[in-house]
Amino acid sequence: MDILVKIIQFFLCFTILVGIHELGHYIMARVFKIRVDKFYIFFDLGFSLFKFRRGHTEYGLGWLPLGGYCKIAGMIDESMDKEYQKQPPQPWEFRSKPAWKRFLVMIAGVVMNVVLAVAIYIGVCYTWGDAYFSNEDAKWGYNFNEAGHSLGFRDGDRLVSIDGEAVENPMVFLNSLLITEGDRRVVVERDGEQVELTLPLAELIAMRQNKGYEKLLVQRMPFLIDSVVAPTAAQLLKGDEIVAIESRRTADRYEKMDYRDYRSYLQLHAGDTVQLTVLRDGGTLELPVPVSAEGTIGVIVQNPYTLRTQTYTFWESIPAGFRRAGDMISSYWEQLKMIVQPKTKMYEELGGFIAIGSIFPSSWDWQDFWLKTAFLSIILAVMNILPIPGLDGGHAIFTFWEMVTGRKVSDKVLEGAQYVGLIIILFLLLYANGNDIYRFFIK
């Protein structure tokens with residue numbers, strides 16, 4: 001059932017994304033009175049679930065639920081239909097229109113994907129707001145996994161800045177470690193002093209490849225008492241913080257202990273009496289407390305962490321949605337630049353359909369679904385605007401050349417470029433999906 005939910009989300013998402021993209025081409029073509037031969041939701045591949053014709057356009061529903069397509073009259077596209085070239089240009093054809101109109105038709109799909117992402121982010125901001133954990137609330141610092149320790153972090157470190165910019169959101173901080181073209185300089189607060197760490201690119205790449213970023217850092221859990229439930233712990237009060245236990249009261253050991261460590265220690269000393277150092281009203285107390293046979297001291301612990309939520313009115317959500325879309329475009333563009341730089345080894349992270357499908361959760365969550373749809377819409381827009389023949393950006397660059405020089409690119413050149421583009425796209429598809437097979441089934 002879990003995999004079925006993932007599959008449904010994957011197909012629904014791609015149907016929305018590609019359908020909206022092709023709708024952009026369709027609308028702009030019709031605005032300029034260019035005929036659209038076919039407009040399909042889903043792909044038919046020779047067989048459609050149903051179809052009908054209205055005017056000069058065949059509308060239909062294909063059987064393969066992966067988006068859709070729009071076939072514009074008088075245009076060389078992935079169908080490689082060249083029959084129209086045997087006839088003189090007609091006023092309703094794409095090739096007969098001025099370069100600027102053809103340019104707008106070509107980029108309309110990309111624009112629609114950006115508009116969709118902005119609309120989704122506006123809706124998400126208005127409906128759910130923006131929930132996040134503030135680094136400011138992590139006053140007890142973080143615990144780090146093995147990858148974090150190898151980078152130089154120590155349990156208890158508090159994040160201060162990365163490359164001179166203050167850390168406000170630990171997730172943004174983590175993203176900065178993953179998307180980088182060089183070393184990172186991180187300042188942490190340790191034992192009351194600021195310490196600067198240099199994180200080499202090679203080690204950041206190793207962390208990314210080995211999935212060390214998963215649970216790289218977690219908030220340290222203090223031993224804060226919410227309530228006392230056993231008479232043996234009557235000396236303790238709500239709001240007390242246990243900061244040390246027995247011989248582990250040294251400053252060095254204290255920096256390495258949090259609630260989980262204390263709990264483990266108490267379980268090892270079940271039935272004993274332990275000396276606790278308690279922080280109360282700015283001072284410290286030394287209190288002997290019995291440990292039960294179950295390894296507890298009879299208190300309930302308080303979780304001091306809560307997510308902050310930035311809420312928006314409808315009008316506030318509009319600029320917030322634009323900002324969020326802009327940030328995502330900028331972030332993905334940085335990732336693309338890293339992919340073409342061999343030193344970052346980001347090309348090894350390219351994923352295909354399996355990787356995309358795996359990002360969806362196994363249970364349905366509308367907020368998560370729309371956020372992932374918006375993100376993938378940004379990816380589709382950025383990828384399609386690249387000047388690769390066969391993609392919208394490839395068509396647009398030839399049209400832009402015509403707009404600048406006044407010389408139209410010949411159909412033969414366009415055909416050749418289309419074949420080259422299809423080869424490039426096929427190679428990228430094989431490489432990305434090959435990476436998926438290696439990562440998920442072989443590695």
# chains A, B, ... in the order shown; residues from 1 in each chain; ligands from 1

call {"tool": "closest_atom_pairs", "arguments": {"of": "region 56-170 of chain A", "to": "region 382-405 of chain A", "cutoff": "12 Å", "atoms": "only C-alpha atoms", "output": "CSV"}}
result
residue,atom,partner,partner_atom,distance
A:Met75,CA,A:His395,CA,10.0
A:Ile76,CA,A:His395,CA,9.2
A:Asp77,CA,A:Gly390,CA,7.1
A:Glu78,CA,A:Gly390,CA,6.8
A:Ser79,CA,A:Gly390,CA,10.5
A:Met80,CA,A:Gly390,CA,10.5
A:Phe94,CA,A:Thr399,CA,11.6
A:Arg95,CA,A:Thr399,CA,10.6
A:Lys97,CA,A:Thr399,CA,11.1
A:Pro98,CA,A:Met403,CA,8.8
A:Ala99,CA,A:Thr399,CA,5.8
A:Trp100,CA,A:Met403,CA,6.8
A:Lys101,CA,A:Thr399,CA,9.4
A:Arg102,CA,A:Thr399,CA,7.0
A:Phe103,CA,A:Ala396,CA,5.5
A:Leu104,CA,A:Ala396,CA,8.3
A:Val105,CA,A:Ala396,CA,8.9
A:Met106,CA,A:Asp392,CA,5.6
A:Ile107,CA,A:Asp392,CA,6.4
A:Ala108,CA,A:Asp392,CA,9.0
A:Gly109,CA,A:Asp392,CA,8.0
A:Val110,CA,A:Asn384,CA,6.7
A:Val111,CA,A:Ile385,CA,9.6
A:Met112,CA,A:Asn384,CA,11.7
A:Asn113,CA,A:Val382,CA,9.2
A:Val114,CA,A:Val382,CA,8.9
A:Ala117,CA,A:Val382,CA,11.9

call {"tool": "closest_atom_pairs", "arguments": {"of": "region 56-162 of chain A", "to": "region 185-204 of chain A", "cutoff": "9 Å", "atoms": "only C-alpha atoms", "output": "Markdown table"}}
result
| residue | atom | partner | partner_atom | distance |
| --- | --- | --- | --- | --- |
| A:Gly141 | CA | A:Glu189 | CA | 8.6 |
| A:Ser150 | CA | A:Glu203 | CA | 8.5 |
| A:Leu151 | CA | A:Leu199 | CA | 6.2 |
| A:Gly152 | CA | A:Leu197 | CA | 6.8 |
| A:Phe153 | CA | A:Leu197 | CA | 8.0 |
| A:Arg154 | CA | A:Arg190 | CA | 8.3 |
| A:Gly156 | CA | A:Arg190 | CA | 7.1 |
| A:Asp157 | CA | A:Arg190 | CA | 5.2 |
| A:Arg158 | CA | A:Glu189 | CA | 5.0 |
| A:Leu159 | CA | A:Val188 | CA | 4.7 |
| A:Val160 | CA | A:Val188 | CA | 5.1 |
| A:Ser161 | CA | A:Val187 | CA | 5.2 |
| A:Ile162 | CA | A:Val186 | CA | 4.4 |

call {"tool": "residues_around", "arguments": {"residues": "region 229-232 of chain A", "least_positions_apart": "4", "cutoff": "10 Å", "atoms": "only C-alpha atoms", "output": "list in words"}}
result
Leu236, Pro288, Val289, Pro290, Val291, Ser292, Thr296, Ile297, Gly298, Val299 and Ile300 of chain A

call {"tool": "closest_residue", "arguments": {"among": "A:Gln267, A:Ser377, A:Gln367, A:Ser358", "to": "Ile8 (chain A)", "atoms": "only C-alpha atoms"}}
result
A:Ser358

call {"tool": "select_by_dssp", "arguments": {"residues": "region 285-333 of chain A", "states": "strand (DSSP E or B)", "output": "number ranges by chain"}}
result
A: 285-290, 299-301, 308-310

call {"tool": "residues_around", "arguments": {"residues": "Ala293 (chain A)", "least_positions_apart": "5", "cutoff": "12 Å", "atoms": "only C-alpha atoms", "output": "VMD selection string"}}
result
chain A and resid 266 to 273 298

call {"tool": "closest_residue", "arguments": {"among": "A:Trp333, A:Phe223, A:Trp63, A:Tyr213", "to": "Phe50 (chain A)", "atoms": "only C-alpha atoms"}}
result
A:Trp63

call {"tool": "atom_distance", "arguments": {"atom1": "CA of Ile354 (chain A)", "atom2": "CA of Gly421 (chain A)"}}
result
23.3 Å

call {"tool": "closest_residue", "arguments": {"among": "A:Asp44, A:Tyr121, A:Tyr69, A:Leu4", "to": "Pro319 (chain A)", "atoms": "only C-alpha atoms"}}
result
A:Tyr121

call {"tool": "residues_around", "arguments": {"residues": "Val243 (chain A)", "least_positions_apart": "6", "cutoff": "9 Å", "atoms": "only C-alpha atoms", "output": "PDB file with C-alpha atoms, in the first residue's frame"}}
result
ATOM      1  CA  PRO A 222      18.238  18.935  28.160  1.00  0.00           C
ATOM      2  CA  PHE A 223      17.123  17.136  31.319  1.00  0.00           C
ATOM      3  CA  ARG A 249      30.160  16.708  36.616  1.00  0.00           C
ATOM      4  CA  TYR A 254      28.831  17.901  30.742  1.00  0.00           C
ATOM      5  CA  MET A 257      25.842  14.654  27.863  1.00  0.00           C
ATOM      6  CA  ASP A 258      22.195  15.301  27.231  1.00  0.00           C
ATOM      7  CA  LEU A 276      22.492  15.130  40.854  1.00  0.00           C
ATOM      8  CA  THR A 277      23.654  18.658  40.113  1.00  0.00           C
ATOM      9  CA  VAL A 278      20.498  20.713  39.593  1.00  0.00           C
ATOM     10  CA  LEU A 279      20.214  24.184  38.078  1.00  0.00           C
ATOM     11  CA  THR A 284      23.112  24.962  41.486  1.00  0.00           C
TER      12      THR A 284
END

call {"tool": "closest_residue", "arguments": {"among": "A:Leu23, A:Leu224, A:Ile424, A:Ala417", "to": "Gly239 (chain A)", "atoms": "only C-alpha atoms"}}
result
A:Leu224

call {"tool": "atom_distance", "arguments": {"atom1": "CA of Lys211 (chain A)", "atom2": "CA of Phe360 (chain A)"}}
result
18.0 Å

call {"tool": "atom_distance", "arguments": {"atom1": "CA of Glu165 (chain A)", "atom2": "CA of Ala374 (chain A)"}}
result
27.1 Å

call {"tool": "residues_around", "arguments": {"residues": "Gln90 (chain A)", "least_positions_apart": "3", "cutoff": "12 Å", "atoms": "only C-alpha atoms", "output": "list in words"}}
result
Lys33, Ile34, Arg35, Ala73, Gly74, Met75, Tyr84, Gln85, Lys86, Gln87, Glu93, Phe94, Arg95, Ser96 and Lys97 of chain A

call {"tool": "residues_around", "arguments": {"residues": "Ile7 (chain A)", "least_positions_apart": "4", "cutoff": "9 Å", "atoms": "only C-alpha atoms", "output": "number ranges by chain"}}
result
A: 2-3, 11-12, 357, 360

call {"tool": "decode", "arguments": {"residues": "region 307-393 of chain A", "atoms": "C-alpha atoms", "output": "compact mmCIF listing (two decimals), in the first residue's frame"}}
result
# COMPACT_ATOMS: atom_id res chain seq x y z
CA LEU A 307 8.53 24.67 15.68
CA ARG A 308 8.01 28.32 14.90
CA THR A 309 5.27 29.06 12.39
CA GLN A 310 5.20 32.17 10.25
CA THR A 311 1.58 32.80 9.34
CA TYR A 312 0.45 34.97 6.43
CA THR A 313 -2.68 36.83 5.47
CA PHE A 314 -3.80 36.33 1.88
CA TRP A 315 -2.07 39.51 0.73
CA GLU A 316 1.10 38.70 2.69
CA SER A 317 1.23 35.22 1.17
CA ILE A 318 1.61 36.63 -2.37
CA PRO A 319 5.08 38.23 -1.94
CA ALA A 320 6.04 35.30 0.32
CA GLY A 321 5.17 32.86 -2.48
CA PHE A 322 7.21 34.84 -5.00
CA ARG A 323 10.20 34.93 -2.62
CA ARG A 324 10.02 31.22 -2.00
CA ALA A 325 9.85 30.42 -5.72
CA GLY A 326 12.78 32.76 -6.36
CA ASP A 327 14.84 31.07 -3.65
CA MET A 328 14.10 27.64 -5.11
CA ILE A 329 15.05 28.73 -8.63
CA SER A 330 18.32 30.18 -7.32
CA SER A 331 19.08 27.04 -5.30
CA TYR A 332 18.40 24.66 -8.19
CA TRP A 333 20.44 26.81 -10.57
CA GLU A 334 23.38 26.51 -8.16
CA GLN A 335 22.96 22.74 -8.18
CA LEU A 336 22.99 22.68 -11.98
CA LYS A 337 26.23 24.67 -12.04
CA MET A 338 27.76 22.15 -9.64
CA ILE A 339 26.74 19.23 -11.85
CA VAL A 340 28.93 20.47 -14.73
CA GLN A 341 31.93 20.94 -12.42
CA PRO A 342 33.69 17.56 -12.10
CA LYS A 343 35.41 18.52 -8.82
CA THR A 344 32.06 18.62 -6.99
CA LYS A 345 31.12 15.10 -8.22
CA MET A 346 27.53 16.31 -8.19
CA TYR A 347 26.93 14.53 -11.50
CA GLU A 348 27.00 11.27 -9.54
CA GLU A 349 23.86 12.42 -7.71
CA LEU A 350 21.71 12.73 -10.85
CA GLY A 351 18.56 10.66 -10.45
CA GLY A 352 15.80 9.42 -12.70
CA PHE A 353 12.20 8.35 -12.21
CA ILE A 354 12.94 6.09 -9.22
CA ALA A 355 14.79 8.88 -7.39
CA ILE A 356 11.98 11.34 -8.12
CA GLY A 357 9.32 8.87 -7.00
CA SER A 358 11.23 8.12 -3.80
CA ILE A 359 10.96 11.72 -2.58
CA PHE A 360 7.21 11.28 -2.05
CA PRO A 361 6.16 9.97 1.37
CA SER A 362 4.39 6.65 1.84
CA SER A 363 1.38 8.38 3.44
CA TRP A 364 -0.68 11.14 1.89
CA ASP A 365 0.08 14.66 3.07
CA TRP A 366 -1.37 17.45 0.95
CA GLN A 367 1.07 20.07 2.19
CA ASP A 368 4.04 17.86 1.43
CA PHE A 369 2.59 16.87 -1.95
CA TRP A 370 2.11 20.48 -3.05
CA LEU A 371 5.56 21.52 -1.85
CA LYS A 372 7.18 18.70 -3.82
CA THR A 373 5.04 19.52 -6.86
CA ALA A 374 6.17 23.16 -6.69
CA PHE A 375 9.81 22.10 -6.36
CA LEU A 376 9.58 19.71 -9.33
CA SER A 377 7.80 22.42 -11.34
CA ILE A 378 10.82 24.66 -10.74
CA ILE A 379 13.14 21.85 -11.86
CA LEU A 380 11.08 21.29 -15.02
CA ALA A 381 11.14 25.01 -15.81
CA VAL A 382 14.89 25.40 -15.29
CA MET A 383 15.75 22.22 -17.20
CA ASN A 384 13.51 23.16 -20.13
CA ILE A 385 14.96 26.64 -20.53
CA LEU A 386 18.49 25.25 -20.96
CA PRO A 387 19.76 25.88 -24.53
CA ILE A 388 19.74 22.18 -25.43
CA PRO A 389 18.26 21.30 -28.84
CA GLY A 390 15.02 19.43 -28.37
CA LEU A 391 14.12 21.37 -25.23
CA ASP A 392 12.17 24.62 -25.19
CA GLY A 393 15.39 26.51 -24.51
